[in-house]
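Novice: Would you mind keeping the following structure in view while I ask a few things?
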Amino acid sequence: MSPAKGKLGLIAGNGRFPFLVLDAARAQGHEVIVAAIKEEASPEIESHGATVHWLSLGELSKLIDTFKREGVQRAIMAGQVKHKQIFSSIRPDWRLAKVLLALGTRNTDSLLGAVAKVLADEGIVLENSTSFLEPLLAQRGVLTKRTPSEQEKKNIAYGRAVARHLAQYDIGQTVVVAEAACVAVEAMEGTDFTIERAGQIMASLESDPSTLSRALTVIKIAKPNQDMRFDVPVIGLRTIAVMRKAGATCLALDAGKCLLLDGNAIILAADAADIAVVAD
């Protein structure tokens with residue numbers, strides 16, 4: 001069911017995610033007020049028919065003041081904000097500094113959860129980031145023409161077990177496996193860079209044939225009790241291109257909790273690359 005009509009705030013990070021939310025919300029009759037993050041969002045967002053305000057990552061007070069001035073009481077976070085940005089030279093305002101100082105750990109869940117609470121205290125409720133994009137959530141089953149091989153299924157089972165443990169600590173949501181051996185795990189760099197790193201590791205090996213397959217399986221999961229308001233797993237066409245270059249032959253996702261940003265185009269690209277995609 002679509003959220004009630006009215007003004008909707010959109011906190012826009014990088015990538016296509018915020019554009020999809022913006023266009024879908026406007027198509028359903030919502031007036032969208034965009035708070036575009038200077039360090040992340042694309043300038044193109046100004047050409048999609050919404051009111052756009054630009055602010056820095058550190059300007060939590062400006063975000064709140066902007067939404068209040070515009071009469072926004074409901075908002076959605078969409079688009080990646082690189083976790084490593086908290087170590088950048090961006091100066092937090094007093095409100096964000098207070099949030100950071102109060103955190104026991106500075107992982108994504110604790111940081112964004114704390115920001116969500118500050119917004120709620122100011123009368124601005126964060127809603128699920130997938131509210132307008134449910135048709136793009138990965139459906140359960142094999143999504144491509146090719147099903148995973150027996151070895152890929154073993155990789156998936158092992159990778160899911162590893163990823164579930166890592167996700168408990170909000171370390172990362174992606175694990176890359178070959179022959180039931182963990183090749184790379186995601187930290188702050190993001191999914192695509194993790195896959196690239198795994199490919200580089202395999203490429204660095206001696207070129208002589210190995211008794212073990214060097215084909216990579218990528219497992220991307222949601223966190224335990226995934227908060228659908230933020231940091232939802234996403235896959236795009238670039239991910240498939242990176243997998244192909246890295247020598248990855250299979251992609252496993254969590255059904256209903258991972259967004260396919262380019263819709264069926266991702267599955268067509270995977271089919272063209274002979275990459276199996278499955279959601280469980």
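Each chain in the structure tokens gets a letter, A, B and so on, in the order shown; residues start at 1 in every chain, and ligands are counted from 1 in the order they appear.
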Near Ile45 of chain A, counting only C-alpha atoms, which residues have an atom at most 10 Å away, once you skip same-chain residues fewer than 2 positions from it, shown as a PyMOL selection string?
Specialist: chain A and resi 12+16+18-19+22+34+36+41-43+47-52
Novice: Using DSSP assignments from the backbone, pull out every residue in segment 141-269 of chain A that falls under alpha helix (DSSP H) and give it to me as an MDAnalysis selection string.
Specialist: chainID A and resid 150:168 191:203 237:246 264:269
Novice: With segment 109-123 of chain A as the partner and 8 Å as the cut-off, tabulate the residues of segment 137-253 of chain A that qualify, each row holding the nearest pair of atoms and their distance in Å to one decimal, using only C-alpha atoms, sorted by chain and rising number, as a tab-separated table.
Specialist:
residue	atom	partner	partner_atom	distance
A:Asp170	CA	A:Asp109	CA	7.0
A:Phe230	CA	A:Leu112	CA	7.4
A:Asp231	CA	A:Asp109	CA	7.9
Novice: Any chance you can output those residues with C-alpha atoms as an mmCIF file, in the first residue's frame?
Specialist:
data_model
loop_
_atom_site.group_PDB
_atom_site.id
_atom_site.type_symbol
_atom_site.label_atom_id
_atom_site.label_comp_id
_atom_site.auth_asym_id
_atom_site.auth_seq_id
_atom_site.Cartn_x
_atom_site.Cartn_y
_atom_site.Cartn_z
ATOM 1 C CA ASP A 170 27.419 -4.260 10.904
ATOM 2 C CA PHE A 230 18.208 2.869 5.671
ATOM 3 C CA ASP A 231 21.223 0.955 4.352
#
Novice: Counting only C-alpha atoms, what is within 12 Å of segment 263-271 of chain A, bar same-chain residues fewer than 4 positions away, as JSON, numbers by chain?
Specialist: {"A": [16, 17, 20, 133, 134, 135, 136, 137, 138, 139, 142, 143, 144, 145, 146, 147, 234, 235, 236, 237, 238, 239, 240, 241, 242, 243, 244, 248, 249, 250, 251, 258, 259, 275, 276, 277, 278]}
Novice: Please give the complete set of residues from segment 47-205 of chain A that DSSP, run on the backbone, assigns to strand (DSSP E or B), formatted as a count of residues only.
Specialist: 26
Novice: Could you give me, as a list in words, the residues within 8 Å of Gly9 of chain A, counting only C-alpha atoms and dropping anything in the same chain fewer than 3 positions from it?
Specialist: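 So the residues in contact are Val32, Ile33, Val34, Ala35, Phe67, Val72, Gln73, Arg74, Ala75 and Ile76 of chain A.
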Novice: Against segment 174-191 of chain A, which residues of segment 26-143 of chain A fall within 9 Å? For each one I want the closest pair of atoms and the distance in Å (one decimal), counting only C-alpha atoms, rows by chain and increasing residue number, as CSV.
Specialist:
residue,atom,partner,partner_atom,distance
A:Lys82,CA,A:Met188,CA,7.2
A:His83,CA,A:Met188,CA,5.8
A:Lys84,CA,A:Met188,CA,6.0
Novice: Any chance you can output those residues with C-alpha atoms as an mmCIF file, in the first residue's frame?
Specialist:
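Final output, result-v4.cif:
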data_model
loop_
_atom_site.group_PDB
_atom_site.id
_atom_site.type_symbol
_atom_site.label_atom_id
_atom_site.label_comp_id
_atom_site.auth_asym_id
_atom_site.auth_seq_id
_atom_site.Cartn_x
_atom_site.Cartn_y
_atom_site.Cartn_z
ATOM 1 C CA LYS A 82 29.894 6.119 2.180
ATOM 2 C CA HIS A 83 30.581 5.060 5.752
ATOM 3 C CA LYS A 84 34.187 6.237 5.449
#
Novice: Using only C-alpha atoms, which of A:Lys38, A:Arg160, A:Lys245, A:Arg69 sits nearest Ile219 of chain A?
Specialist: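 Of the candidates, the smallest distance to Ile219 of chain A is held by A:Arg160.
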Novice: Which is closer to Asp65 of chain A than all the others in A:Val162, A:Ile90, A:Leu100, A:Ile124, using only C-alpha atoms?
Specialist: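 Among the listed residues, the smallest separation from Asp65 of chain A belongs to A:Ile124.
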Novice: Would you pick out the contacts of Gly199 of chain A at 8 Å or less, using only C-alpha atoms, so that residues sharing its chain but fewer than 3 positions from it are not included, and give the list as number ranges by chain?
Specialist: A: 195-196, 202-203, 216, 245-248
Novice: Excluding Val21 of chain A and its own-chain neighbours fewer than 4 positions away, which residues fall within 8 Å of it when counting only C-alpha atoms? Please give them as a ChimeraX atom specification.
Specialist: /A:17,25,78,129-130,132-133
Novice: Print the selection's residues with all heavy atoms to a file, as a PDB file, in the first residue's frame.
Specialist:
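Listing of again-v5.pdb after writing:
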ATOM      1  N   PHE A  17      19.327   5.219  -6.678  1.00  0.00           N
ATOM      2  CA  PHE A  17      18.278   4.970  -5.698  1.00  0.00           C
ATOM      3  C   PHE A  17      17.414   6.210  -5.440  1.00  0.00           C
ATOM      4  O   PHE A  17      16.174   6.139  -5.531  1.00  0.00           O
ATOM      5  CB  PHE A  17      18.929   4.438  -4.423  1.00  0.00           C
ATOM      6  CG  PHE A  17      18.012   3.834  -3.405  1.00  0.00           C
ATOM      7  CD1 PHE A  17      18.538   3.262  -2.251  1.00  0.00           C
ATOM      8  CD2 PHE A  17      16.639   3.816  -3.570  1.00  0.00           C
ATOM      9  CE1 PHE A  17      17.714   2.693  -1.282  1.00  0.00           C
ATOM     10  CE2 PHE A  17      15.798   3.253  -2.606  1.00  0.00           C
ATOM     11  CZ  PHE A  17      16.346   2.701  -1.466  1.00  0.00           C
ATOM     12  N   ALA A  25       7.577   8.586  -6.219  1.00  0.00           N
ATOM     13  CA  ALA A  25       6.754   9.365  -5.293  1.00  0.00           C
ATOM     14  C   ALA A  25       5.981  10.454  -6.040  1.00  0.00           C
ATOM     15  O   ALA A  25       4.782  10.673  -5.787  1.00  0.00           O
ATOM     16  CB  ALA A  25       7.631   9.984  -4.208  1.00  0.00           C
ATOM     17  N   ALA A  78      17.501   7.715   0.840  1.00  0.00           N
ATOM     18  CA  ALA A  78      17.761   6.862  -0.314  1.00  0.00           C
ATOM     19  C   ALA A  78      19.094   7.233  -0.940  1.00  0.00           C
ATOM     20  O   ALA A  78      19.409   8.415  -1.097  1.00  0.00           O
ATOM     21  CB  ALA A  78      16.645   6.990  -1.355  1.00  0.00           C
ATOM     22  N   SER A 129      12.728   2.965   3.115  1.00  0.00           N
ATOM     23  CA  SER A 129      13.271   3.511   1.874  1.00  0.00           C
ATOM     24  C   SER A 129      12.736   2.799   0.637  1.00  0.00           C
ATOM     25  O   SER A 129      12.824   3.316  -0.476  1.00  0.00           O
ATOM     26  CB  SER A 129      14.802   3.432   1.896  1.00  0.00           C
ATOM     27  OG  SER A 129      15.223   2.085   2.012  1.00  0.00           O
ATOM     28  N   THR A 130      12.163   1.607   0.826  1.00  0.00           N
ATOM     29  CA  THR A 130      11.624   0.847  -0.315  1.00  0.00           C
ATOM     30  C   THR A 130      10.118   1.034  -0.483  1.00  0.00           C
ATOM     31  O   THR A 130       9.500   0.343  -1.286  1.00  0.00           O
ATOM     32  CB  THR A 130      11.924  -0.651  -0.145  1.00  0.00           C
ATOM     33  OG1 THR A 130      11.329  -1.121   1.068  1.00  0.00           O
ATOM     34  CG2 THR A 130      13.420  -0.904  -0.088  1.00  0.00           C
ATOM     35  N   PHE A 132       8.197   2.983  -2.013  1.00  0.00           N
ATOM     36  CA  PHE A 132       7.695   3.244  -3.356  1.00  0.00           C
ATOM     37  C   PHE A 132       8.282   2.295  -4.403  1.00  0.00           C
ATOM     38  O   PHE A 132       7.972   2.402  -5.584  1.00  0.00           O
ATOM     39  CB  PHE A 132       8.007   4.699  -3.759  1.00  0.00           C
ATOM     40  CG  PHE A 132       7.289   5.719  -2.928  1.00  0.00           C
ATOM     41  CD1 PHE A 132       7.889   6.277  -1.830  1.00  0.00           C
ATOM     42  CD2 PHE A 132       5.993   6.105  -3.240  1.00  0.00           C
ATOM     43  CE1 PHE A 132       7.228   7.218  -1.041  1.00  0.00           C
ATOM     44  CE2 PHE A 132       5.319   7.041  -2.473  1.00  0.00           C
ATOM     45  CZ  PHE A 132       5.938   7.597  -1.374  1.00  0.00           C
ATOM     46  N   LEU A 133       9.140   1.381  -3.962  1.00  0.00           N
ATOM     47  CA  LEU A 133       9.903   0.574  -4.928  1.00  0.00           C
ATOM     48  C   LEU A 133       9.752  -0.932  -4.703  1.00  0.00           C
ATOM     49  O   LEU A 133      10.621  -1.711  -5.113  1.00  0.00           O
ATOM     50  CB  LEU A 133      11.389   0.950  -4.846  1.00  0.00           C
ATOM     51  CG  LEU A 133      11.732   2.422  -5.084  1.00  0.00           C
ATOM     52  CD1 LEU A 133      13.232   2.644  -4.902  1.00  0.00           C
ATOM     53  CD2 LEU A 133      11.293   2.886  -6.468  1.00  0.00           C
TER      54      LEU A 133
END
Novice: Measuring atom to atom with only C-alpha atoms, identify which of A:Thr105, A:Pro92, A:Leu126, A:Ser131 is nearest to Ile11 of chain A.
Specialist: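 Comparing A:Thr105, A:Pro92, A:Leu126, A:Ser131 against Ile11 of chain A, the winner is A:Leu126.
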